[in-house]
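Source file: structure_17.pdb. Holds: PDB, C-alpha atoms, pLDDT in the B column.
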ATOM      1  CA  MET X 228     -14.076   7.807   8.291  1.00 95.00           C
ATOM      2  CA  LYS X 229     -10.960   8.872  10.161  1.00 97.00           C
ATOM      3  CA  VAL X 230      -7.658   8.323   8.352  1.00 98.00           C
ATOM      4  CA  SER X 231      -4.155   8.800   9.738  1.00 98.00           C
ATOM      5  CA  VAL X 232      -1.340   9.305   7.233  1.00 98.00           C
ATOM      6  CA  ILE X 233       2.098   8.737   8.737  1.00 98.00           C
ATOM      7  CA  VAL X 234       4.691  11.238   7.508  1.00 98.00           C
ATOM      8  CA  PHE X 235       8.380  10.315   7.544  1.00 98.00           C
ATOM      9  CA  PRO X 236      11.367  12.438   6.507  1.00 97.00           C
ATOM     10  CA  GLY X 237      11.361  11.884   2.745  1.00 97.00           C
ATOM     11  CA  SER X 238       7.673  11.021   2.325  1.00 97.00           C
ATOM     12  CA  ASN X 239       6.430  12.638  -0.879  1.00 96.00           C
ATOM     13  CA  CYS X 240       3.041  11.034  -1.527  1.00 97.00           C
ATOM     14  CA  ASP X 241       1.524  11.890   1.839  1.00 98.00           C
ATOM     15  CA  LEU X 242      -0.545  14.812   0.534  1.00 98.00           C
ATOM     16  CA  ASP X 243      -1.522  12.822  -2.566  1.00 97.00           C
ATOM     17  CA  VAL X 244      -3.109  10.090  -0.479  1.00 98.00           C
ATOM     18  CA  LYS X 245      -4.712  12.657   1.831  1.00 98.00           C
ATOM     19  CA  TRP X 246      -6.299  14.299  -1.196  1.00 97.00           C
ATOM     20  CA  ALA X 247      -7.450  10.938  -2.579  1.00 98.00           C
ATOM     21  CA  PHE X 248      -9.270  10.046   0.648  1.00 98.00           C
ATOM     22  CA  GLU X 249     -10.837  13.503   0.808  1.00 98.00           C
ATOM     23  CA  VAL X 250     -11.937  13.563  -2.848  1.00 96.00           C
ATOM     24  CA  CYS X 251     -13.235   9.982  -2.926  1.00 97.00           C
ATOM     25  CA  CYS X 252     -14.640   9.630   0.584  1.00 96.00           C
ATOM     26  CA  ASN X 253     -14.826  13.059   2.213  1.00 97.00           C
ATOM     27  CA  ALA X 254     -12.669  11.480   4.920  1.00 98.00           C
ATOM     28  CA  ASP X 255     -11.282  13.230   7.977  1.00 98.00           C
ATOM     29  CA  VAL X 256      -7.511  12.904   7.409  1.00 98.00           C
ATOM     30  CA  SER X 257      -4.833  13.558  10.035  1.00 98.00           C
ATOM     31  CA  MET X 258      -1.149  13.884   9.152  1.00 98.00           C
ATOM     32  CA  VAL X 259       0.919  12.162  11.845  1.00 98.00           C
ATOM     33  CA  TRP X 260       4.632  12.947  12.157  1.00 98.00           C
ATOM     34  CA  HIS X 261       6.790   9.846  12.614  1.00 98.00           C
ATOM     35  CA  THR X 262       8.149  10.911  16.010  1.00 98.00           C
ATOM     36  CA  GLU X 263       4.705  10.694  17.607  1.00 98.00           C
ATOM     37  CA  LYS X 264       4.243   7.664  19.842  1.00 97.00           C
ATOM     38  CA  SER X 265       0.473   7.291  19.582  1.00 98.00           C
ATOM     39  CA  LEU X 266      -2.131   7.481  16.862  1.00 98.00           C
ATOM     40  CA  PRO X 267      -5.177   9.732  16.896  1.00 97.00           C
ATOM     41  CA  GLU X 268      -8.538   7.972  16.696  1.00 96.00           C
ATOM     42  CA  SER X 269      -8.338   6.162  13.369  1.00 97.00           C
ATOM     43  CA  ASP X 270     -10.242   3.762  11.150  1.00 97.00           C
ATOM     44  CA  VAL X 271      -7.381   3.507   8.667  1.00 98.00           C
ATOM     45  CA  VAL X 272      -3.638   4.112   8.933  1.00 98.00           C
ATOM     46  CA  VAL X 273      -1.644   4.816   5.770  1.00 98.00           C
ATOM     47  CA  LEU X 274       2.105   4.571   5.193  1.00 98.00           C
ATOM     48  CA  PRO X 275       2.548   6.653   2.021  1.00 98.00           C
ATOM     49  CA  GLY X 276       5.014   6.513  -0.827  1.00 98.00           C
ATOM     50  CA  GLY X 277       8.280   8.402  -0.996  1.00 97.00           C
ATOM     51  CA  PHE X 278      11.845   7.908   0.112  1.00 96.00           C
ATOM     52  CA  SER X 279      11.723   7.697   3.903  1.00 97.00           C
ATOM     53  CA  TYR X 280      15.106   8.587   5.379  1.00 95.00           C
ATOM     54  CA  GLY X 281      16.457   8.848   1.841  1.00 93.00           C
ATOM     55  CA  ASP X 282      16.212   5.050   1.431  1.00 90.00           C
ATOM     56  CA  TYR X 283      19.464   4.676   3.369  1.00 87.00           C
ATOM     57  CA  LEU X 284      20.419   1.171   4.555  1.00 85.00           C
ATOM     58  CA  ARG X 285      17.411  -0.477   2.871  1.00 90.00           C
ATOM     59  CA  SER X 286      14.212   1.158   1.695  1.00 95.00           C
ATOM     60  CA  GLY X 287      11.894   1.395   4.697  1.00 97.00           C
ATOM     61  CA  ALA X 288      14.388  -0.031   7.187  1.00 96.00           C
ATOM     62  CA  MET X 289      14.875   3.150   9.206  1.00 97.00           C
ATOM     63  CA  ALA X 290      11.221   4.201   8.997  1.00 98.00           C
ATOM     64  CA  ALA X 291      10.194   0.833  10.450  1.00 97.00           C
ATOM     65  CA  LYS X 292      12.046   1.813  13.636  1.00 97.00           C
ATOM     66  CA  SER X 293      10.298   5.199  13.994  1.00 97.00           C
ATOM     67  CA  PRO X 294       8.477   5.780  17.320  1.00 98.00           C
ATOM     68  CA  ILE X 295       5.019   5.806  15.705  1.00 98.00           C
ATOM     69  CA  MET X 296       5.462   2.308  14.271  1.00 98.00           C
ATOM     70  CA  GLY X 297       4.873   0.665  17.641  1.00 98.00           C
ATOM     71  CA  SER X 298       1.350   2.093  17.610  1.00 98.00           C
ATOM     72  CA  VAL X 299       0.875   1.113  13.956  1.00 98.00           C
ATOM     73  CA  VAL X 300       1.830  -2.488  14.726  1.00 98.00           C
ATOM     74  CA  GLU X 301      -0.532  -2.527  17.701  1.00 98.00           C
ATOM     75  CA  PHE X 302      -3.326  -0.994  15.605  1.00 98.00           C
ATOM     76  CA  ALA X 303      -2.893  -3.678  12.952  1.00 98.00           C
ATOM     77  CA  GLY X 304      -2.806  -6.403  15.595  1.00 97.00           C
ATOM     78  CA  ASN X 305      -6.176  -5.197  16.864  1.00 96.00           C
ATOM     79  CA  GLY X 306      -7.696  -5.504  13.402  1.00 95.00           C
ATOM     80  CA  GLY X 307      -7.301  -1.912  12.233  1.00 96.00           C
ATOM     81  CA  LEU X 308      -6.890  -1.306   8.512  1.00 98.00           C
ATOM     82  CA  VAL X 309      -3.300  -0.509   7.525  1.00 98.00           C
ATOM     83  CA  LEU X 310      -2.356   0.476   3.985  1.00 98.00           C
ATOM     84  CA  GLY X 311       1.212   0.779   2.724  1.00 98.00           C
ATOM     85  CA  ILE X 312       1.768   2.212  -0.760  1.00 98.00           C
ATOM     86  CA  CYS X 313       5.158   1.883  -2.499  1.00 98.00           C
ATOM     87  CA  ASN X 314       7.650   2.972   0.192  1.00 98.00           C
ATOM     88  CA  GLY X 315       4.870   2.172   2.655  1.00 98.00           C
ATOM     89  CA  PHE X 316       4.876  -1.433   1.393  1.00 98.00           C
ATOM     90  CA  GLN X 317       8.617  -1.546   1.962  1.00 98.00           C
ATOM     91  CA  ILE X 318       8.116  -0.258   5.509  1.00 98.00           C
ATOM     92  CA  LEU X 319       5.448  -2.891   6.193  1.00 98.00           C
ATOM     93  CA  THR X 320       7.846  -5.682   5.263  1.00 98.00           C
ATOM     94  CA  GLU X 321      10.649  -4.160   7.346  1.00 98.00           C
ATOM     95  CA  ALA X 322       8.250  -3.904  10.305  1.00 98.00           C
ATOM     96  CA  HIS X 323       7.258  -7.569   9.763  1.00 98.00           C
ATOM     97  CA  LEU X 324       3.615  -6.698   9.288  1.00 98.00           C
ATOM     98  CA  LEU X 325       3.914  -8.360   5.871  1.00 98.00           C
ATOM     99  CA  PRO X 326       6.285 -11.090   4.684  1.00 98.00           C
ATOM    100  CA  GLY X 327       8.975 -10.768   2.058  1.00 98.00           C
ATOM    101  CA  VAL X 328      11.271  -7.983   0.952  1.00 98.00           C
ATOM    102  CA  LEU X 329      11.366  -5.452  -1.885  1.00 98.00           C
ATOM    103  CA  LEU X 330      14.603  -5.644  -3.882  1.00 98.00           C
ATOM    104  CA  PRO X 331      15.972  -3.416  -6.679  1.00 97.00           C
ATOM    105  CA  ASN X 332      14.144  -3.803  -9.986  1.00 98.00           C
ATOM    106  CA  VAL X 333      15.669  -6.406 -12.277  1.00 97.00           C
ATOM    107  CA  SER X 334      16.571  -3.575 -14.677  1.00 97.00           C
ATOM    108  CA  THR X 335      18.377  -1.780 -11.797  1.00 96.00           C
ATOM    109  CA  LYS X 336      16.622   1.374 -13.002  1.00 96.00           C
ATOM    110  CA  PHE X 337      13.916   3.563 -11.475  1.00 97.00           C
ATOM    111  CA  ILE X 338      10.615   2.880 -13.239  1.00 97.00           C
ATOM    112  CA  CYS X 339       7.898   5.532 -13.430  1.00 97.00           C
ATOM    113  CA  ARG X 340       4.982   4.861 -15.777  1.00 96.00           C
ATOM    114  CA  PRO X 341       1.380   3.667 -16.030  1.00 96.00           C
ATOM    115  CA  CYS X 342       1.006  -0.045 -15.348  1.00 97.00           C
ATOM    116  CA  LYS X 343      -1.700  -2.665 -15.848  1.00 98.00           C
ATOM    117  CA  ILE X 344      -2.575  -4.394 -12.584  1.00 98.00           C
ATOM    118  CA  ARG X 345      -4.854  -7.425 -12.192  1.00 98.00           C
ATOM    119  CA  ILE X 346      -7.070  -7.659  -9.130  1.00 98.00           C
ATOM    120  CA  GLU X 347      -6.399 -11.141  -7.758  1.00 98.00           C
ATOM    121  CA  GLN X 348      -8.465 -11.087  -4.561  1.00 98.00           C
ATOM    122  CA  ILE X 349     -11.667  -9.189  -3.820  1.00 97.00           C
ATOM    123  CA  ASP X 350     -12.218 -10.497  -0.296  1.00 96.00           C
ATOM    124  CA  THR X 351     -10.303  -7.575   1.224  1.00 97.00           C
ATOM    125  CA  PRO X 352     -11.408  -4.169   2.551  1.00 96.00           C
ATOM    126  CA  PHE X 353      -9.290  -2.560  -0.159  1.00 98.00           C
ATOM    127  CA  THR X 354     -10.395  -4.404  -3.297  1.00 98.00           C
ATOM    128  CA  PHE X 355     -13.948  -5.633  -2.788  1.00 95.00           C
ATOM    129  CA  LEU X 356     -15.497  -3.041  -5.139  1.00 97.00           C
ATOM    130  CA  TYR X 357     -13.496  -4.454  -8.052  1.00 98.00           C
ATOM    131  CA  LYS X 358     -14.251  -7.622 -10.017  1.00 98.00           C
ATOM    132  CA  GLN X 359     -12.150 -10.762  -9.645  1.00 96.00           C
ATOM    133  CA  GLY X 360      -9.524 -10.678 -12.384  1.00 98.00           C
ATOM    134  CA  GLU X 361     -10.296  -7.103 -13.392  1.00 98.00           C
ATOM    135  CA  VAL X 362      -7.373  -5.222 -14.940  1.00 98.00           C
ATOM    136  CA  VAL X 363      -6.873  -1.620 -13.815  1.00 98.00           C
ATOM    137  CA  ASN X 364      -4.326   1.077 -14.563  1.00 98.00           C
ATOM    138  CA  PHE X 365      -2.335   2.103 -11.481  1.00 98.00           C
ATOM    139  CA  PRO X 366       0.965   3.940 -12.094  1.00 98.00           C
ATOM    140  CA  ILE X 367       4.219   2.751 -10.580  1.00 98.00           C
ATOM    141  CA  ALA X 368       7.242   4.800  -9.456  1.00 98.00           C
ATOM    142  CA  HIS X 369       9.977   2.815  -7.740  1.00 98.00           C
ATOM    143  CA  HIS X 370      13.526   1.522  -7.846  1.00 97.00           C
ATOM    144  CA  GLU X 371      13.094  -1.249  -5.264  1.00 97.00           C
ATOM    145  CA  GLY X 372       9.876  -2.950  -6.312  1.00 98.00           C
ATOM    146  CA  LEU X 373      10.916  -6.544  -6.924  1.00 98.00           C
ATOM    147  CA  PHE X 374       8.957  -8.613  -4.405  1.00 98.00           C
ATOM    148  CA  TYR X 375      10.996 -11.539  -3.130  1.00 98.00           C
ATOM    149  CA  LEU X 376      10.207 -14.399  -0.760  1.00 98.00           C
ATOM    150  CA  ASP X 377      11.758 -17.837  -0.323  1.00 98.00           C
ATOM    151  CA  ASP X 378      10.108 -20.635  -2.290  1.00 97.00           C
ATOM    152  CA  THR X 379       8.321 -22.290   0.631  1.00 98.00           C
ATOM    153  CA  SER X 380       6.934 -19.023   2.010  1.00 98.00           C
ATOM    154  CA  LEU X 381       5.954 -17.869  -1.474  1.00 98.00           C
ATOM    155  CA  ALA X 382       3.941 -21.040  -2.037  1.00 98.00           C
ATOM    156  CA  LYS X 383       2.176 -20.545   1.309  1.00 98.00           C
ATOM    157  CA  LEU X 384       1.427 -16.917   0.420  1.00 98.00           C
ATOM    158  CA  GLU X 385      -0.190 -17.982  -2.843  1.00 98.00           C
ATOM    159  CA  GLU X 386      -2.119 -20.854  -1.247  1.00 98.00           C
ATOM    160  CA  SER X 387      -3.502 -18.587   1.475  1.00 97.00           C
ATOM    161  CA  GLY X 388      -4.969 -16.156  -1.049  1.00 97.00           C
ATOM    162  CA  CYS X 389      -2.871 -13.249   0.197  1.00 98.00           C
ATOM    163  CA  VAL X 390      -1.693 -12.071  -3.219  1.00 98.00           C
ATOM    164  CA  ALA X 391      -4.116  -9.213  -3.762  1.00 98.00           C
ATOM    165  CA  LEU X 392      -2.707  -7.640  -6.923  1.00 98.00           C
ATOM    166  CA  ARG X 393      -0.482  -8.874  -9.743  1.00 98.00           C
ATOM    167  CA  TYR X 394       1.286  -7.162 -12.635  1.00 98.00           C
ATOM    168  CA  VAL X 395      -0.046  -8.044 -16.092  1.00 98.00           C
ATOM    169  CA  ASN X 396       3.352  -7.286 -17.651  1.00 97.00           C
ATOM    170  CA  ASN X 397       5.829  -7.716 -14.818  1.00 98.00           C
ATOM    171  CA  PRO X 398       7.871  -4.477 -15.007  1.00 97.00           C
ATOM    172  CA  ASN X 399      10.327  -5.102 -12.179  1.00 98.00           C
ATOM    173  CA  GLY X 400      10.899  -8.857 -11.990  1.00 98.00           C
ATOM    174  CA  SER X 401       8.761  -9.488  -8.908  1.00 98.00           C
ATOM    175  CA  LEU X 402       8.358 -13.170  -8.120  1.00 98.00           C
ATOM    176  CA  ASN X 403       5.071 -14.428  -9.540  1.00 98.00           C
ATOM    177  CA  ALA X 404       4.528 -10.856 -10.828  1.00 98.00           C
ATOM    178  CA  ILE X 405       3.298  -9.871  -7.360  1.00 98.00           C
ATOM    179  CA  ALA X 406       2.268  -6.216  -7.051  1.00 98.00           C
ATOM    180  CA  GLY X 407       0.520  -6.277  -3.673  1.00 98.00           C
ATOM    181  CA  ILE X 408      -0.142  -8.620  -0.762  1.00 98.00           C
ATOM    182  CA  THR X 409      -2.175  -8.761   2.419  1.00 98.00           C
ATOM    183  CA  ASN X 410      -1.582 -10.392   5.761  1.00 98.00           C
ATOM    184  CA  ALA X 411      -3.581 -13.514   6.641  1.00 97.00           C
ATOM    185  CA  SER X 412      -6.335 -11.441   8.288  1.00 97.00           C
ATOM    186  CA  LYS X 413      -6.645  -9.215   5.185  1.00 97.00           C
ATOM    187  CA  ASN X 414      -6.574  -6.003   7.261  1.00 97.00           C
ATOM    188  CA  VAL X 415      -3.047  -5.022   6.157  1.00 98.00           C
ATOM    189  CA  LEU X 416      -2.283  -4.367   2.484  1.00 98.00           C
ATOM    190  CA  GLY X 417       1.016  -3.421   0.898  1.00 98.00           C
ATOM    191  CA  LEU X 418       1.225  -2.582  -2.798  1.00 98.00           C
ATOM    192  CA  MET X 419       3.840  -0.972  -5.032  1.00 98.00           C
ATOM    193  CA  PRO X 420       1.425   0.719  -7.521  1.00 98.00           C
ATOM    194  CA  HIS X 421      -0.146   4.089  -6.641  1.00 98.00           C
ATOM    195  CA  PRO X 422      -3.983   4.060  -6.651  1.00 98.00           C
ATOM    196  CA  GLU X 423      -3.964   7.588  -5.172  1.00 98.00           C
ATOM    197  CA  ARG X 424      -2.593   8.909  -8.482  1.00 97.00           C
ATOM    198  CA  VAL X 425      -5.646   7.825 -10.483  1.00 98.00           C
ATOM    199  CA  VAL X 426      -8.640   9.284  -8.661  1.00 98.00           C
ATOM    200  CA  HIS X 427      -9.450  12.130 -11.070  1.00 95.00           C
ATOM    201  CA  PRO X 428      -9.441  12.334 -14.888  1.00 94.00           C
ATOM    202  CA  LEU X 429      -7.220  15.418 -14.808  1.00 91.00           C
ATOM    203  CA  VAL X 430      -4.418  13.468 -13.120  1.00 88.00           C
ATOM    204  CA  GLY X 431      -4.385  10.311 -15.211  1.00 85.00           C
ATOM    205  CA  GLY X 432      -7.638   8.418 -14.723  1.00 95.00           C
ATOM    206  CA  GLN X 433     -10.103   7.150 -12.140  1.00 97.00           C
ATOM    207  CA  ASP X 434      -9.251   3.483 -11.665  1.00 98.00           C
ATOM    208  CA  GLY X 435      -8.236   4.212  -8.073  1.00 98.00           C
ATOM    209  CA  VAL X 436     -11.565   5.731  -7.034  1.00 98.00           C
ATOM    210  CA  ARG X 437     -13.145   2.380  -6.110  1.00 98.00           C
ATOM    211  CA  PHE X 438     -10.058   1.504  -4.077  1.00 98.00           C
ATOM    212  CA  PHE X 439     -10.677   4.401  -1.683  1.00 98.00           C
ATOM    213  CA  LYS X 440     -14.462   4.250  -1.811  1.00 97.00           C
ATOM    214  CA  GLY X 441     -14.241   0.558  -0.965  1.00 97.00           C
ATOM    215  CA  ILE X 442     -12.219   1.247   2.156  1.00 97.00           C
ATOM    216  CA  ASN X 443     -14.811   3.826   3.206  1.00 97.00           C
ATOM    217  CA  GLU X 444     -17.729   1.440   2.646  1.00 96.00           C
ATOM    218  CA  TRP X 445     -15.947  -1.359   4.481  1.00 95.00           C
ATOM    219  CA  VAL X 446     -15.344   0.848   7.515  1.00 95.00           C
ATOM    220  CA  LYS X 447     -18.950   2.077   7.570  1.00 91.00           C
ATOM    221  CA  GLU X 448     -20.743  -1.202   6.917  1.00 84.00           C
ATOM    222  CA  ILE X 449     -18.456  -4.133   7.618  1.00 72.00           C
ATOM    223  CA  GLY X 450     -15.374  -3.140   9.549  1.00 55.00           C
ATOM    224  CA  ARG X 451     -14.642  -1.363  12.770  1.00 47.00           C
TER     225      ARG X 451
END
Can you give me the file's structure in the form of structure tokens?
Amino acid sequence: MKVSVIVFPGSNCDLDVKWAFEVCCNADVSMVWHTEKSLPESDVVVLPGGFSYGDYLRSGAMAAKSPIMGSVVEFAGNGGLVLGICNGFQILTEAHLLPGVLLPNVSTKFICRPCKIRIEQIDTPFTFLYKQGEVVNFPIAHHEGLFYLDDTSLAKLEESGCVALRYVNNPNGSLNAIAGITNASKNVLGLMPHPERVVHPLVGGQDGVRFFKGINEWVKEIGR
């Protein structure tokens, strides 16, 4: 499996997610600087966590305008798997690959701690190795993690089965306790929790292992 991790000024989870794909899947991972205009051959594109452009303007707003994002949007439109974690989720909404917006946590404070996450949908390339309704421990680390969408669009999102993950104990005030969503085609996922931080017992647990192994199996057997 070939994975491209997009690196923006301020990304700080890029090497974490690279390591997760290598440890879990023995994947071939390329680090792609944001000023590039084209992607290398890829099965999966990842927008990692961090503070792209220092979170100026709005989190993810400047990164969404980076030269590489044109190729990411095209890749997603052609059915390629795109994963946005934390700041990457924020970038996906700013690039209009996913609906909604991520607002400051209701506490107005940065939250960094383990978090219980319920798997809501397993019909995605990212979650199909989990059980429906299974609760996993994925840590969170964000200041702008409150998912917001207008009432009508939120109802449509729920009805379409695009809410992939939900907080058990909503830590940030997200509407409907939403922790992660997909697009209608299920090939784009944005989530605020960090599965790449729980792929080895020495770094907090292994609940994220199936997340990355699932992507690998999907690519080999079902996907592209």
For Gly407 (chain X), the nearest of the candidates X:Val230, X:Cys313, X:Leu381, X:Leu429, counting only C-alpha atoms: X:Cys313
For CA of Thr351 (chain X) and CA of Arg393 (chain X), the interatomic separation in Å (one decimal):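 Going from CA of Thr351 (chain X) over to CA of Arg393 (chain X) covers 14.8 Å.
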Residue nearest Met296 (chain X) among X:Phe235, X:Phe248, X:Phe355, X:Tyr280 (counting all atoms listed in the file):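 Residue with the minimum atom-to-atom distance to Met296 (chain X): X:Phe235.
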Nearest to Thr335 (chain X), chosen from X:Gly297, X:Gly400, X:Pro422, X:Gly306, with only C-alpha atoms counted in the distances: X:Gly400
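Among X:Lys440, X:Asp270, X:Leu373, X:Gly417, the residue with the shortest atom-to-atom distance to Asn305 (chain X), counting all atoms listed in the file, is X:Asp270.
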Output check: residues returned by the PyMOL selection byres ((chain X and resi 245) around 12), as a VMD selection string: chain X and resid 229 to 234 239 to 244 246 to 259 271 to 276 423 to 424 426 439
Long-range neighbours of Asp282 (chain X) as a list in words, 12 Å cut-off, only C-alpha atoms, 2 positions minimum in chain: Phe235, Pro236, Gly237, Ser238, Gly276, Gly277, Phe278, Ser279, Tyr280, Leu284, Arg285, Ser286, Gly287, Ala288, Met289, Ala290, Ala291, Asn314, Gly315, Gln317, Ile318, Pro331, His369, His370 and Glu371 of chain X
How about saving the chosen residues, C-alpha atoms kept, as an mmCIF file, keeping the file's coordinate frame?
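Output file part.cif follows:
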data_model
loop_
_atom_site.group_PDB
_atom_site.id
_atom_site.type_symbol
_atom_site.label_atom_id
_atom_site.label_comp_id
_atom_site.auth_asym_id
_atom_site.auth_seq_id
_atom_site.Cartn_x
_atom_site.Cartn_y
_atom_site.Cartn_z
ATOM 1 C CA PHE X 235 8.380 10.315 7.544
ATOM 2 C CA PRO X 236 11.367 12.438 6.507
ATOM 3 C CA GLY X 237 11.361 11.884 2.745
ATOM 4 C CA SER X 238 7.673 11.021 2.325
ATOM 5 C CA GLY X 276 5.014 6.513 -0.827
ATOM 6 C CA GLY X 277 8.280 8.402 -0.996
ATOM 7 C CA PHE X 278 11.845 7.908 0.112
ATOM 8 C CA SER X 279 11.723 7.697 3.903
ATOM 9 C CA TYR X 280 15.106 8.587 5.379
ATOM 10 C CA LEU X 284 20.419 1.171 4.555
ATOM 11 C CA ARG X 285 17.411 -0.477 2.871
ATOM 12 C CA SER X 286 14.212 1.158 1.695
ATOM 13 C CA GLY X 287 11.894 1.395 4.697
ATOM 14 C CA ALA X 288 14.388 -0.031 7.187
ATOM 15 C CA MET X 289 14.875 3.150 9.206
ATOM 16 C CA ALA X 290 11.221 4.201 8.997
ATOM 17 C CA ALA X 291 10.194 0.833 10.450
ATOM 18 C CA ASN X 314 7.650 2.972 0.192
ATOM 19 C CA GLY X 315 4.870 2.172 2.655
ATOM 20 C CA GLN X 317 8.617 -1.546 1.962
ATOM 21 C CA ILE X 318 8.116 -0.258 5.509
ATOM 22 C CA PRO X 331 15.972 -3.416 -6.679
ATOM 23 C CA HIS X 369 9.977 2.815 -7.740
ATOM 24 C CA HIS X 370 13.526 1.522 -7.846
ATOM 25 C CA GLU X 371 13.094 -1.249 -5.264
#
Region 356-358 of chain X environment, 8 Å, all atoms listed in the file, sequence neighbours closer than 3 positions dropped, as a VMD selection string: chain X and resid 346 349 353 361 437 to 438 441
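What separates CA of Gly360 (chain X) from CA of Asn399 (chain X) is a distance of 20.6 Å.
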Residue among X:Ile367, X:Gln348, X:Ala404, X:Val415 lying closest to Gly388 (chain X), counting all atoms listed in the file: X:Gln348
With all heavy atoms as the goal, would you fill in the gaps in region 428-434 of chain X and present it as a CSV table (one decimal), in the coordinates of the input?
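Wrote it out as out18.csv, contents follow:
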chain,number,residue,atom,x,y,z
X,428,PRO,N,-9.9,12.4,-13.5
X,428,PRO,CA,-9.4,12.3,-14.9
X,428,PRO,C,-8.3,13.3,-15.2
X,428,PRO,O,-7.6,13.1,-16.2
X,428,PRO,CB,-10.7,12.6,-15.7
X,428,PRO,CG,-11.7,13.2,-14.7
X,428,PRO,CD,-11.3,12.6,-13.3
X,429,LEU,N,-8.2,14.4,-14.5
X,429,LEU,CA,-7.2,15.4,-14.8
X,429,LEU,C,-5.8,15.0,-14.4
X,429,LEU,O,-4.8,15.6,-14.8
X,429,LEU,CB,-7.6,16.8,-14.1
X,429,LEU,CG,-8.8,17.5,-14.7
X,429,LEU,CD1,-9.0,18.8,-13.9
X,429,LEU,CD2,-8.6,17.8,-16.2
X,430,VAL,N,-5.7,13.9,-13.6
X,430,VAL,CA,-4.4,13.5,-13.1
X,430,VAL,C,-4.1,12.0,-13.5
X,430,VAL,O,-3.4,11.3,-12.9
X,430,VAL,CB,-4.2,13.6,-11.6
X,430,VAL,CG1,-4.2,15.1,-11.2
X,430,VAL,CG2,-5.3,12.9,-10.8
X,431,GLY,N,-4.8,11.6,-14.6
X,431,GLY,CA,-4.4,10.3,-15.2
X,431,GLY,C,-5.4,9.2,-15.2
X,431,GLY,O,-5.2,8.1,-15.7
X,432,GLY,N,-6.6,9.5,-14.7
X,432,GLY,CA,-7.6,8.4,-14.7
X,432,GLY,C,-8.4,8.3,-13.4
X,432,GLY,O,-8.1,9.0,-12.4
X,433,GLN,N,-9.3,7.3,-13.3
X,433,GLN,CA,-10.1,7.2,-12.1
X,433,GLN,C,-10.2,5.7,-11.7
X,433,GLN,O,-11.0,5.3,-10.9
X,433,GLN,CB,-11.5,7.6,-12.4
X,433,GLN,CG,-11.6,9.1,-12.7
X,433,GLN,CD,-13.0,9.6,-13.0
X,433,GLN,OE1,-13.5,9.4,-14.1
X,433,GLN,NE2,-13.7,10.2,-11.9
X,434,ASP,N,-9.2,4.9,-12.1
X,434,ASP,CA,-9.3,3.5,-11.7
X,434,ASP,C,-9.0,3.3,-10.2
X,434,ASP,O,-9.3,2.2,-9.6
X,434,ASP,CB,-8.2,2.7,-12.4
X,434,ASP,CG,-8.7,2.3,-13.8
X,434,ASP,OD1,-9.8,2.7,-14.2
X,434,ASP,OD2,-8.0,1.6,-14.6
